[in-house]
>>> print(open('entry.txt').read())   # compact mmCIF, C-alpha atoms (C1' of nucleotides)
# COMPACT_ATOMS: atom_id res chain seq x y z
CA MET Z 1 120.26 87.81 99.28
CA ALA Z 2 121.52 86.15 102.44
CA ARG Z 3 124.45 84.41 100.77
CA ILE Z 4 127.91 85.22 102.04
CA LYS Z 5 130.08 86.88 99.45
CA THR Z 6 133.85 86.82 99.12
CA ASP Z 7 133.81 90.07 97.18
CA ASN Z 8 131.55 92.98 96.40
CA HIS Z 9 130.09 91.43 93.28
CA LEU Z 10 126.53 90.23 93.36
CA SER Z 11 125.75 86.83 91.91
CA ARG Z 12 123.51 86.75 88.86
CA LYS Z 13 120.71 85.47 91.07
CA ASP Z 14 121.13 88.42 93.43
CA VAL Z 15 120.95 90.83 90.52
CA ILE Z 16 117.74 89.19 89.33
CA VAL Z 17 116.13 89.37 92.77
CA THR Z 18 117.13 93.00 93.23
CA LYS Z 19 115.87 94.05 89.83
CA ALA Z 20 112.68 92.09 90.44
CA ALA Z 21 112.07 94.04 93.65
CA ALA Z 22 112.44 97.33 91.77
CA LEU Z 23 110.12 96.17 88.99
CA PHE Z 24 107.48 94.69 91.26
CA ARG Z 25 107.49 97.91 93.26
CA GLU Z 26 107.20 100.09 90.19
CA LYS Z 27 104.57 98.20 88.19
CA GLY Z 28 103.09 95.74 90.67
CA PHE Z 29 103.74 92.00 90.59
CA LYS Z 30 101.16 91.12 87.96
CA ALA Z 31 101.95 94.00 85.61
CA ALA Z 32 105.70 93.37 85.70
CA SER Z 33 106.56 90.76 83.08
CA MET Z 34 109.49 88.38 82.99
CA ARG Z 35 110.45 90.05 79.72
CA ASP Z 36 110.64 93.40 81.55
CA LEU Z 37 112.82 91.75 84.16
CA ALA Z 38 115.06 90.10 81.55
CA GLU Z 39 115.61 93.46 79.89
CA ALA Z 40 116.52 95.07 83.22
CA VAL Z 41 119.01 92.27 83.92
CA GLY Z 42 120.35 92.33 80.37
CA VAL Z 43 119.51 88.80 79.18
CA GLU Z 44 116.73 87.06 77.25
CA ALA Z 45 113.63 86.06 79.22
CA ALA Z 46 114.34 82.34 78.87
CA SER Z 47 117.77 82.76 80.46
CA LEU Z 48 116.28 83.90 83.75
CA TYR Z 49 115.08 80.35 84.33
CA ASN Z 50 118.64 79.07 84.70
CA HIS Z 51 118.74 81.01 87.99
CA ILE Z 52 115.21 80.96 89.27
CA LYS Z 53 112.35 78.51 89.26
CA SER Z 54 109.47 80.87 88.59
CA LYS Z 55 108.18 84.41 88.87
CA THR Z 56 106.34 83.47 92.05
CA GLU Z 57 109.57 82.19 93.60
CA LEU Z 58 111.02 85.69 93.23
CA LEU Z 59 108.06 87.16 95.08
CA HIS Z 60 108.19 84.74 97.95
CA GLU Z 61 111.94 85.14 98.36
CA LEU Z 62 111.41 88.88 98.67
CA CYS Z 63 108.46 88.59 101.05
CA PHE Z 64 110.05 86.09 103.38
CA SER Z 65 113.46 87.74 103.56
CA VAL Z 66 111.74 90.93 104.70
CA ALA Z 67 109.43 89.12 107.12
CA ASN Z 68 112.38 87.26 108.65
CA ARG Z 69 114.23 90.47 109.39
CA PHE Z 70 111.23 91.87 111.25
CA LEU Z 71 110.61 88.67 113.19
CA HIS Z 72 114.28 88.52 114.18
CA LYS Z 73 114.15 92.10 115.44
CA MET Z 74 110.98 91.30 117.38
CA ASP Z 75 112.78 88.41 119.13
CA GLU Z 76 115.59 90.75 120.07
CA VAL Z 77 113.33 93.52 121.36
CA GLU Z 78 111.07 91.21 123.35
CA SER Z 79 114.04 89.72 125.19
CA GLN Z 80 115.24 93.10 126.38
CA ASN Z 81 114.55 94.34 129.86
CA THR Z 82 113.19 97.77 129.01
CA LYS Z 83 109.96 99.70 129.31
CA ALA Z 84 107.21 98.87 126.82
CA ILE Z 85 107.31 102.33 125.28
CA ASP Z 86 111.06 101.95 124.65
CA LYS Z 87 110.45 98.62 122.94
CA ILE Z 88 107.85 100.25 120.73
CA GLU Z 89 110.18 103.08 119.87
CA LYS Z 90 112.90 100.57 118.96
CA LEU Z 91 110.55 98.63 116.70
CA LEU Z 92 109.28 101.85 115.18
CA ARG Z 93 112.79 103.06 114.39
CA PHE Z 94 113.69 99.67 112.95
CA HIS Z 95 110.66 99.75 110.67
CA ILE Z 96 111.46 103.27 109.53
CA ASN Z 97 115.08 102.40 108.77
CA GLU Z 98 114.16 99.22 106.94
CA MET Z 99 111.73 101.19 104.83
CA ILE Z 100 114.33 103.86 104.10
CA GLN Z 101 117.21 101.52 103.33
CA HIS Z 102 115.47 98.55 101.73
CA TYR Z 103 112.62 100.49 100.23
CA GLU Z 104 111.82 98.32 97.21
CA GLU Z 105 111.89 94.99 99.03
CA VAL Z 106 109.91 96.18 102.02
CA TYR Z 107 107.36 97.89 99.82
CA VAL Z 108 106.88 94.77 97.70
CA SER Z 109 106.58 92.57 100.76
CA ASP Z 110 103.99 94.97 102.13
CA ARG Z 111 101.84 95.52 99.06
CA GLU Z 112 102.27 92.55 96.75
CA TRP Z 113 102.16 89.57 99.12
CA LYS Z 114 98.59 88.82 98.09
CA HIS Z 115 99.96 87.46 94.82
CA LEU Z 116 101.74 84.67 96.68
CA SER Z 117 100.16 81.27 96.26
CA ASP Z 118 99.66 78.58 98.87
CA PRO Z 119 101.36 77.24 100.89
CA TYR Z 120 103.43 80.45 100.95
CA LEU Z 121 100.40 82.70 101.05
CA SER Z 122 98.86 81.31 104.22
CA ASN Z 123 102.29 80.92 105.74
CA PHE Z 124 103.00 84.60 105.15
CA GLN Z 125 99.61 85.71 106.42
CA ASN Z 126 100.19 83.68 109.56
CA GLN Z 127 103.60 85.22 110.23
CA ARG Z 128 102.11 88.65 109.70
CA ARG Z 129 99.23 87.99 112.09
CA ILE Z 130 101.58 86.67 114.76
CA TYR Z 131 103.93 89.62 114.38
CA ARG Z 132 101.08 92.04 114.91
CA LYS Z 133 99.87 90.16 117.97
CA ARG Z 134 103.33 90.32 119.51
CA PHE Z 135 103.47 94.03 118.74
CA ALA Z 136 100.01 94.52 120.29
CA ALA Z 137 101.08 92.56 123.39
CA ILE Z 138 103.88 95.07 124.01
CA ILE Z 139 101.42 97.93 123.70
CA GLU Z 140 99.03 96.23 126.13
CA GLN Z 141 101.89 95.83 128.59
CA GLY Z 142 102.55 99.55 128.24
CA ILE Z 143 98.92 100.35 128.93
CA ARG Z 144 98.91 98.21 132.09
CA ASN Z 145 102.07 99.99 133.28
CA ASN Z 146 100.47 103.37 132.61
CA GLU Z 147 103.13 104.28 130.06
CA ILE Z 148 100.57 104.35 127.27
CA LYS Z 149 97.08 105.80 126.88
CA LYS Z 150 94.10 103.49 127.24
CA ILE Z 151 93.59 102.65 123.58
CA ASP Z 152 92.84 99.57 121.55
CA ALA Z 153 96.22 97.92 121.04
CA ALA Z 154 95.32 96.30 117.72
CA THR Z 155 94.26 99.67 116.32
CA ALA Z 156 97.49 101.25 117.51
CA VAL Z 157 99.56 98.56 115.77
CA LEU Z 158 97.58 99.07 112.61
CA ILE Z 159 98.16 102.82 112.68
CA ILE Z 160 101.87 102.49 113.37
CA LEU Z 161 102.57 99.91 110.69
CA HIS Z 162 100.59 101.69 108.03
CA ALA Z 163 101.94 105.10 108.92
CA ILE Z 164 105.43 103.76 108.30
CA SER Z 165 104.46 102.55 104.86
CA GLY Z 166 103.86 106.23 104.11
CA ILE Z 167 107.63 106.60 103.84
CA GLU Z 168 107.09 105.32 100.33
CA SER Z 169 105.74 108.77 99.40
CA TRP Z 170 108.68 110.48 101.04
CA HIS Z 171 111.10 108.16 99.29
CA ARG Z 172 109.89 109.10 95.84
CA SER Z 173 109.32 112.79 96.54
CA VAL Z 174 111.82 115.59 96.03
CA GLN Z 175 112.92 114.73 99.56
CA LYS Z 176 112.71 118.03 101.36
CA ILE Z 177 113.79 116.68 104.74
CA SER Z 178 116.59 114.24 105.55
CA ALA Z 179 116.12 110.61 106.52
CA SER Z 180 116.99 111.32 110.16
CA GLU Z 181 114.58 114.26 110.29
CA LEU Z 182 111.91 112.02 108.85
CA GLU Z 183 112.61 109.43 111.52
CA GLU Z 184 112.45 111.98 114.35
CA ASN Z 185 109.21 113.45 113.03
CA MET Z 186 107.58 110.06 112.82
CA VAL Z 187 108.71 109.06 116.30
CA THR Z 188 107.50 112.38 117.70
CA ILE Z 189 104.03 112.03 116.23
CA LEU Z 190 103.53 108.31 116.81
CA VAL Z 191 105.17 107.87 120.22
CA GLY Z 192 103.57 111.17 121.21
CA GLY Z 193 100.20 109.83 120.10
CA LEU Z 194 100.52 106.75 122.28
CA THR Z 195 101.82 108.26 125.49
CA ASN Z 196 99.88 110.14 128.09
CA GLN Z 197 102.14 113.14 128.20
CA MET D 1 77.65 106.28 90.73
CA ALA D 2 76.51 109.87 90.98
CA ARG D 3 73.39 109.37 88.93
CA ILE D 4 70.08 110.22 90.53
CA LYS D 5 67.80 107.26 90.94
CA THR D 6 64.03 107.17 91.03
CA ASP D 7 64.05 103.90 92.98
CA ASN D 8 66.43 101.70 94.96
CA HIS D 9 67.52 99.69 91.96
CA LEU D 10 71.01 100.15 90.66
CA SER D 11 71.48 100.48 86.93
CA ARG D 12 73.44 97.72 85.22
CA LYS D 13 76.35 100.13 84.90
CA ASP D 14 76.29 100.81 88.65
CA VAL D 15 76.34 97.10 89.35
CA ILE D 16 79.35 96.68 87.08
CA VAL D 17 81.25 99.54 88.73
CA THR D 18 80.46 98.25 92.22
CA LYS D 19 81.48 94.69 91.40
CA ALA D 20 84.61 96.01 89.70
CA ALA D 21 85.60 97.86 92.89
CA ALA D 22 85.25 94.66 94.91
CA LEU D 23 87.25 92.66 92.38
CA PHE D 24 90.01 95.23 91.93
CA ARG D 25 90.33 95.43 95.71
CA GLU D 26 90.47 91.68 96.14
CA LYS D 27 92.81 90.71 93.30
CA GLY D 28 94.37 93.98 92.20
CA PHE D 29 93.54 95.74 88.95
CA LYS D 30 95.85 93.74 86.70
CA ALA D 31 95.00 90.34 88.16
CA ALA D 32 91.24 90.91 87.99
CA SER D 33 90.02 89.91 84.54
CA MET D 34 86.97 91.11 82.67
CA ARG D 35 85.83 87.49 82.66
CA ASP D 36 85.98 87.50 86.48
CA LEU D 37 83.93 90.69 86.46
CA ALA D 38 81.41 89.30 83.98
CA GLU D 39 80.90 86.27 86.18
CA ALA D 40 80.36 88.48 89.24
CA VAL D 41 77.79 90.53 87.33
CA GLY D 42 76.15 87.48 85.81
CA VAL D 43 76.70 88.07 82.10
CA GLU D 44 79.20 87.07 79.42
CA ALA D 45 82.41 89.13 79.19
CA ALA D 46 81.49 90.65 75.83
CA SER D 47 78.24 92.01 77.26
CA LEU D 48 80.06 94.27 79.68
CA TYR D 49 81.12 96.42 76.74
CA ASN D 50 77.56 97.52 76.12
CA HIS D 51 77.82 99.50 79.37
CA ILE D 52 81.45 100.47 79.64
CA LYS D 53 84.15 101.47 77.21
CA SER D 54 87.11 99.63 78.73
CA LYS D 55 88.59 98.10 81.86
CA THR D 56 90.64 101.25 82.40
CA GLU D 57 87.50 103.38 82.28
CA LEU D 58 86.20 101.45 85.30
CA LEU D 59 89.37 102.22 87.22
CA HIS D 60 89.33 105.89 86.48
CA GLU D 61 85.68 106.25 87.32
CA LEU D 62 86.42 104.70 90.70
CA CYS D 63 89.54 106.79 91.34
CA PHE D 64 88.01 110.12 90.38
CA SER D 65 84.72 109.63 92.19
CA VAL D 66 86.68 109.03 95.40
CA ALA D 67 89.09 111.90 94.76
CA ASN D 68 86.20 114.28 94.11
CA ARG D 69 84.56 113.47 97.42
CA PHE D 70 87.77 114.29 99.29
CA LEU D 71 88.38 117.50 97.35
CA HIS D 72 84.81 118.60 97.99
CA LYS D 73 85.23 117.99 101.72
CA MET D 74 88.50 119.91 101.68
CA ASP D 75 86.72 122.92 100.13
CA GLU D 76 84.10 122.76 102.86
CA VAL D 77 86.60 122.44 105.72
CA GLU D 78 88.90 125.20 104.45
CA SER D 79 86.03 127.67 104.27
CA GLN D 80 85.09 127.13 107.91
CA ASN D 81 86.15 129.57 110.58
CA THR D 82 87.58 127.10 113.08
CA LYS D 83 90.92 126.28 114.63
CA ALA D 84 93.41 124.36 112.50
CA ILE D 85 93.35 121.35 114.80
CA ASP D 86 89.56 121.17 114.47
CA LYS D 87 89.84 121.23 110.69
CA ILE D 88 92.33 118.40 110.84
CA GLU D 89 90.07 116.39 113.10
CA LYS D 90 87.18 116.96 110.71
CA LEU D 91 89.22 115.78 107.73
CA LEU D 92 90.52 112.84 109.72
CA ARG D 93 87.02 111.74 110.70
CA PHE D 94 85.83 112.15 107.12
CA HIS D 95 88.67 109.96 105.85
CA ILE D 96 87.95 107.32 108.45
CA ASN D 97 84.26 107.24 107.63
CA GLU D 98 84.86 107.13 103.90
CA MET D 99 87.20 104.21 104.43
CA ILE D 100 84.69 102.40 106.63
CA GLN D 101 81.65 103.01 104.44
CA HIS D 102 83.10 102.94 100.95
CA TYR D 103 85.91 100.55 101.71
CA GLU D 104 86.36 98.90 98.31
CA GLU D 105 86.27 102.10 96.26
CA VAL D 106 88.55 104.06 98.56
CA TYR D 107 91.00 101.19 98.80
CA VAL D 108 91.14 100.80 95.02
CA SER D 109 91.58 104.53 94.51
CA ASP D 110 94.41 104.46 97.05
CA ARG D 111 96.30 101.41 95.89
CA GLU D 112 95.54 100.83 92.23
CA TRP D 113 95.70 104.32 90.75
CA LYS D 114 99.13 103.60 89.30
CA HIS D 115 97.41 101.46 86.67
CA LEU D 116 95.65 104.52 85.27
CA SER D 117 97.03 105.70 81.95
CA ASP D 118 97.60 109.26 80.79
CA PRO D 119 96.02 111.75 80.74
CA TYR D 120 94.13 110.36 83.74
CA LEU D 121 97.27 109.22 85.50
CA SER D 122 99.01 112.60 85.66
CA ASN D 123 95.69 114.27 86.34
CA PHE D 124 95.10 112.03 89.34
CA GLN D 125 98.65 112.45 90.63
CA ASN D 126 98.22 116.20 90.39
CA GLN D 127 94.96 116.21 92.34
CA ARG D 128 96.56 114.04 94.96
CA ARG D 129 99.61 116.29 95.30
CA ILE D 130 97.43 119.39 95.60
CA TYR D 131 95.19 117.76 98.20
CA ARG D 132 98.19 116.91 100.34
CA LYS D 133 99.54 120.43 100.05
CA ARG D 134 96.25 121.89 101.19
CA PHE D 135 96.22 119.43 104.10
CA ALA D 136 99.81 120.37 104.98
CA ALA D 137 98.92 124.07 104.84
CA ILE D 138 96.31 123.56 107.55
CA ILE D 139 98.87 121.79 109.71
CA GLU D 140 101.36 124.62 109.18
CA GLN D 141 98.69 127.10 110.24
CA GLY D 142 98.18 125.03 113.38
CA ILE D 143 101.91 125.08 114.12
CA ARG D 144 102.07 128.87 113.73
CA ASN D 145 99.12 129.21 116.12
CA ASN D 146 100.81 126.92 118.64
CA GLU D 147 98.01 124.38 118.43
CA ILE D 148 100.32 121.79 116.96
CA LYS D 149 103.85 120.58 117.74
CA LYS D 150 106.72 121.86 115.64
CA ILE D 151 106.89 119.03 113.13
CA ASP D 152 107.31 118.70 109.40
CA ALA D 153 103.81 119.21 108.00
CA ALA D 154 104.35 117.03 104.92
CA THR D 155 105.46 114.13 107.13
CA ALA D 156 102.43 114.58 109.33
CA VAL D 157 100.08 114.44 106.32
CA LEU D 158 101.81 111.33 105.09
CA ILE D 159 101.43 109.63 108.48
CA ILE D 160 97.78 110.58 108.82
CA LEU D 161 96.73 109.51 105.34
CA HIS D 162 98.57 106.21 105.45
CA ALA D 163 97.47 105.43 108.99
CA ILE D 164 93.88 105.70 107.82
CA SER D 165 94.50 103.21 105.04
CA GLY D 166 95.23 100.76 107.85
CA ILE D 167 91.47 100.53 108.34
CA GLU D 168 91.65 98.06 105.50
CA SER D 169 93.08 95.50 107.97
CA TRP D 170 90.37 96.27 110.50
CA HIS D 171 87.71 95.96 107.82
CA ARG D 172 88.68 92.42 106.90
CA SER D 173 89.45 91.24 110.42
CA VAL D 174 87.03 89.57 112.83
CA GLN D 175 86.22 93.15 113.86
CA LYS D 176 86.76 93.15 117.57
CA ILE D 177 85.90 96.79 118.10
CA SER D 178 83.05 98.79 116.58
CA ALA D 179 83.42 101.37 113.83
CA SER D 180 82.89 104.24 116.26
CA GLU D 181 85.43 102.84 118.71
CA LEU D 182 87.88 102.51 115.84
CA GLU D 183 87.25 106.13 114.91
CA GLU D 184 87.79 107.38 118.46
CA ASN D 185 90.98 105.35 118.86
CA MET D 186 92.41 106.73 115.65
CA VAL D 187 91.52 110.31 116.53
CA THR D 188 93.01 109.88 120.01
CA ILE D 189 96.32 108.60 118.69
CA LEU D 190 96.69 110.87 115.68
CA VAL D 191 95.33 114.15 117.05
CA GLY D 192 97.17 113.35 120.29
CA GLY D 193 100.36 112.85 118.31
CA LEU D 194 100.06 116.24 116.67
CA THR D 195 99.11 118.40 119.61
CA ASN D 196 101.34 119.68 122.35
CA GLN D 197 99.22 118.42 125.19
C1' DC K 1 122.75 82.00 77.76
C1' DC K 2 120.18 81.88 73.19
C1' DT K 3 116.57 80.69 69.46
C1' DA K 4 112.33 78.97 68.77
C1' DC K 5 108.16 78.11 70.35
C1' DC K 6 104.07 76.23 73.45
C1' DG K 7 99.40 76.65 75.53
C1' DA K 8 96.77 79.75 78.23
C1' DT K 9 94.73 83.87 79.04
C1' DC K 10 94.03 88.54 78.29
C1' DG K 11 91.10 92.93 76.68
C1' DG K 12 88.26 93.79 73.24
C1' DT K 13 85.38 93.51 68.54
C1' DA K 14 82.01 91.82 64.87
C1' DG K 15 77.74 90.64 63.98
C1' DG K 16 73.43 89.37 65.13
C1' DC Q 1 73.02 90.22 75.79
C1' DC Q 2 75.12 86.18 73.26
C1' DT Q 3 78.35 83.27 70.16
C1' DA Q 4 82.41 83.30 67.96
C1' DC Q 5 86.65 84.91 67.57
C1' DC Q 6 90.87 88.29 67.05
C1' DG Q 7 95.73 89.69 68.01
C1' DA Q 8 98.76 90.43 71.77
C1' DT Q 9 101.09 89.04 75.57
C1' DC Q 10 101.94 86.13 79.27
C1' DG Q 11 104.95 82.46 82.09
C1' DG Q 12 107.52 78.90 80.98
C1' DT Q 13 109.97 74.75 78.28
C1' DA Q 14 112.87 72.17 74.75
C1' DG Q 15 116.99 71.69 72.90
C1' DG Q 16 121.31 73.08 71.97
>>> encode(input="entry.txt", output="structure tokens")
Amino acid sequence: MARIKTDNHLSRKDVIVTKAAALFREKGFKAASMRDLAEAVGVEAASLYNHIKSKTELLHELCFSVANRFLHKMDEVESQNTKAIDKIEKLLRFHINEMIQHYEEVYVSDREWKHLSDPYLSNFQNQRRIYRKRFAAIIEQGIRNNEIKKIDAATAVLIILHAISGIESWHRSVQKISASELEENMVTILVGGLTNQ
Amino acid sequence: MARIKTDNHLSRKDVIVTKAAALFREKGFKAASMRDLAEAVGVEAASLYNHIKSKTELLHELCFSVANRFLHKMDEVESQNTKAIDKIEKLLRFHINEMIQHYEEVYVSDREWKHLSDPYLSNFQNQRRIYRKRFAAIIEQGIRNNEIKKIDAATAVLIILHAISGIESWHRSVQKISASELEENMVTILVGGLTNQ
DNA sequence: CCTACCGATCGGTAGG
DNA sequence: CCTACCGATCGGTAGG
């Protein structure tokens, strides 16, 4: 997915990864078979193995490409010289947009990572734990600066991250409101819930 | 699960359903095998079928027993003569407590229902859609009465319900804060996010 | 990229 | 509640 392309065409591998994300999202990792995937790609199941090593490899490519994007954004936000609540809003908006634009991948990374096997599993869990701690540290900074209510930071992170995963329902619904309206509503409720005023 | 008992002992069936909830939560419905379940119960796999009809039956018993509790609570809350924001807080606290006390069942009902098969699948999806509409209607009432910010009610429901599912992370963590502190933190953030003040 | 096929594991049944 | 076993399906490989 991160390969540089000279044209708009996706490599066969990219097609496989993309179709895998859609299938894993729809059926779950375990219930999605390599034969399902082969049919979606338009080849026989055995042919997939000329491009990938295993079914699990597909899952960990998806999980880590998503995790890397979030960690990269966290680096960027932490280095900025802004108020804690602004950092949180930036992270929140990034999460919302990632979920809207890369729905299948982000969803799979969020819900199917438990099917990873070691060493990827513990690696992923570690990255996730660290990300949440960094997020909580920003909230704690905001509480010390009186920008944010006196709440448990870990609980706040948990609420924010899970609330965002709710976009999944919006994504598959008849979509009454637009993506930008969705974003503003979420920011209003969640930033509003954290701040004193 | 709803059967009346004359003593504290669970019937064999109850043990199977309870162990199934734990297994489906831990591994996911598809990845949890009947042989895993048999081992957890302490019998051979074939023996399970003297108490249950199929693996799917276990899933739909879990999903519908959880759904029924929420629908029953919704009936109760709707019939009360209180402000919309109080109804929301009541539902919110009920959800939180259900998630804390019946963690495995509620989690499975929330995350594994897609493995139901028709007619149970569409039945469950219907109940879920109706529940959310009733929840949204209360929020809309609150907006009309100026108790709640002018937001999209469906988005608010989505945020609330998914935020609660975040308790899953708390449940399996080293549990820094108590259940009641968790509840108060969630109510503070979410009710605070909805209200004008 | 395909045909042919493998060993393993699955949910479930027969019969006692 | 057990032993014995079934047909189906799985991820993956061999060989071309």
>>> atom_distance(input="entry.txt", atom1="atom CA of Z:Thr195", atom2="atom CA of Z:Glu183")
17.7 Å
>>> closest_atom_pairs(input="entry.txt", of="chain Q", to="chain D", cutoff="12 Å", atoms="all atoms listed in the file", output="tab-separated table")
residue	atom	partner	partner_atom	distance
Q:DC1	C1'	D:Ser47	CA	5.7
Q:DC2	C1'	D:Glu44	CA	7.4
Q:DT3	C1'	D:Ala46	CA	9.8
Q:DA4	C1'	D:Ala46	CA	10.8
Q:DC5	C1'	D:Ala46	CA	11.3
>>> closest_atom_pairs(input="entry.txt", of="chain D", to="chain Z", cutoff="9 Å", atoms="all atoms listed in the file", output="Markdown table")
| residue | atom | partner | partner_atom | distance |
| --- | --- | --- | --- | --- |
| D:Glu26 | CA | Z:Lys114 | CA | 8.8 |
| D:Lys27 | CA | Z:Lys114 | CA | 7.7 |
| D:Gly28 | CA | Z:Lys30 | CA | 8.5 |
| D:Phe29 | CA | Z:Lys30 | CA | 9.0 |
| D:Lys30 | CA | Z:Lys30 | CA | 6.1 |
| D:Ala31 | CA | Z:Lys30 | CA | 6.2 |
| D:Arg111 | CA | Z:Arg111 | CA | 8.7 |
| D:Lys114 | CA | Z:Lys27 | CA | 7.7 |
| D:His115 | CA | Z:Lys27 | CA | 8.0 |
| D:Lys149 | CA | Z:Ile189 | CA | 8.7 |
| D:Ile151 | CA | Z:Asn185 | CA | 6.0 |
| D:Asp152 | CA | Z:Asn185 | CA | 6.7 |
| D:Ala154 | CA | Z:Trp170 | CA | 8.8 |
| D:Thr155 | CA | Z:Leu182 | CA | 7.0 |
| D:Ala156 | CA | Z:Ile189 | CA | 7.5 |
| D:Leu158 | CA | Z:Gly166 | CA | 5.6 |
| D:Ile159 | CA | Z:Ala163 | CA | 4.6 |
| D:Ile160 | CA | Z:Ala163 | CA | 6.9 |
| D:Leu161 | CA | Z:Ala163 | CA | 7.7 |
| D:His162 | CA | Z:Ala163 | CA | 5.0 |
| D:Ala163 | CA | Z:Ala163 | CA | 4.5 |
| D:Ile164 | CA | Z:Ile159 | CA | 7.1 |
| D:Ser165 | CA | Z:His162 | CA | 7.0 |
| D:Gly166 | CA | Z:His162 | CA | 5.4 |
| D:Ile167 | CA | Z:Leu158 | CA | 7.6 |
| D:Ser169 | CA | Z:Leu158 | CA | 7.4 |
| D:Trp170 | CA | Z:Thr155 | CA | 7.8 |
| D:Ile177 | CA | Z:Asp152 | CA | 8.2 |
| D:Glu181 | CA | Z:Asp152 | CA | 8.6 |
| D:Leu182 | CA | Z:Thr155 | CA | 7.0 |
| D:Asn185 | CA | Z:Ile151 | CA | 6.0 |
| D:Met186 | CA | Z:Thr155 | CA | 7.3 |
| D:Thr188 | CA | Z:Gly193 | CA | 7.2 |
| D:Ile189 | CA | Z:Gly193 | CA | 4.3 |
| D:Leu190 | CA | Z:Gly193 | CA | 5.7 |
| D:Val191 | CA | Z:Gly193 | CA | 7.2 |
| D:Gly192 | CA | Z:Gly193 | CA | 4.6 |
| D:Gly193 | CA | Z:Gly193 | CA | 3.5 |
| D:Leu194 | CA | Z:Ile189 | CA | 5.8 |
| D:Thr195 | CA | Z:Gly192 | CA | 8.6 |
| D:Asn196 | CA | Z:Gln197 | CA | 8.8 |
| D:Gln197 | CA | Z:Gln197 | CA | 6.7 |
>>> residues_around(input="entry.txt", residues="stretch 63-72 of chain Z", least_positions_apart="2", cutoff="8 Å", atoms="all atoms listed in the file", output="PyMOL selection string")
chain Z and resi 59-61+74-76+95+105-106+108-110+113+124+127-128+131
>>> residues_around(input="entry.txt", residues="K:DC10", least_positions_apart="6", cutoff="12 Å", atoms="only C-alpha atoms (C1' of nucleotides)", output="list in words")
Lys30, Ala31, Ala32, Ser33, Met34, Arg35, Asp36, Ala45 and Lys55 of chain D; DC6, DG7, DA8, DT9 and DC10 of chain Q
>>> atom_distance(input="entry.txt", atom1="atom CA of D:Arg134", atom2="atom CA of D:Leu91")
11.4 Å
>>> atom_distance(input="entry.txt", atom1="atom CA of D:Ile100", atom2="atom CA of D:Asn126")
25.2 Å
>>> axis_aligned_box(input="entry.txt", around="stretch 3-16 of chain Q", padding_each_side="6 Å", output="lines of an AutoDock Vina configuration file")
center_x = 99.8
center_y = 81.1
center_z = 74.6
size_x = 55.0
size_y = 30.7
size_z = 27.0
>>> closest_residue(input="entry.txt", among="D:Val17, D:Arg12, D:Val41, D:Tyr49", to="K:DG11", atoms="only C-alpha atoms (C1' of nucleotides)")
D:Tyr49
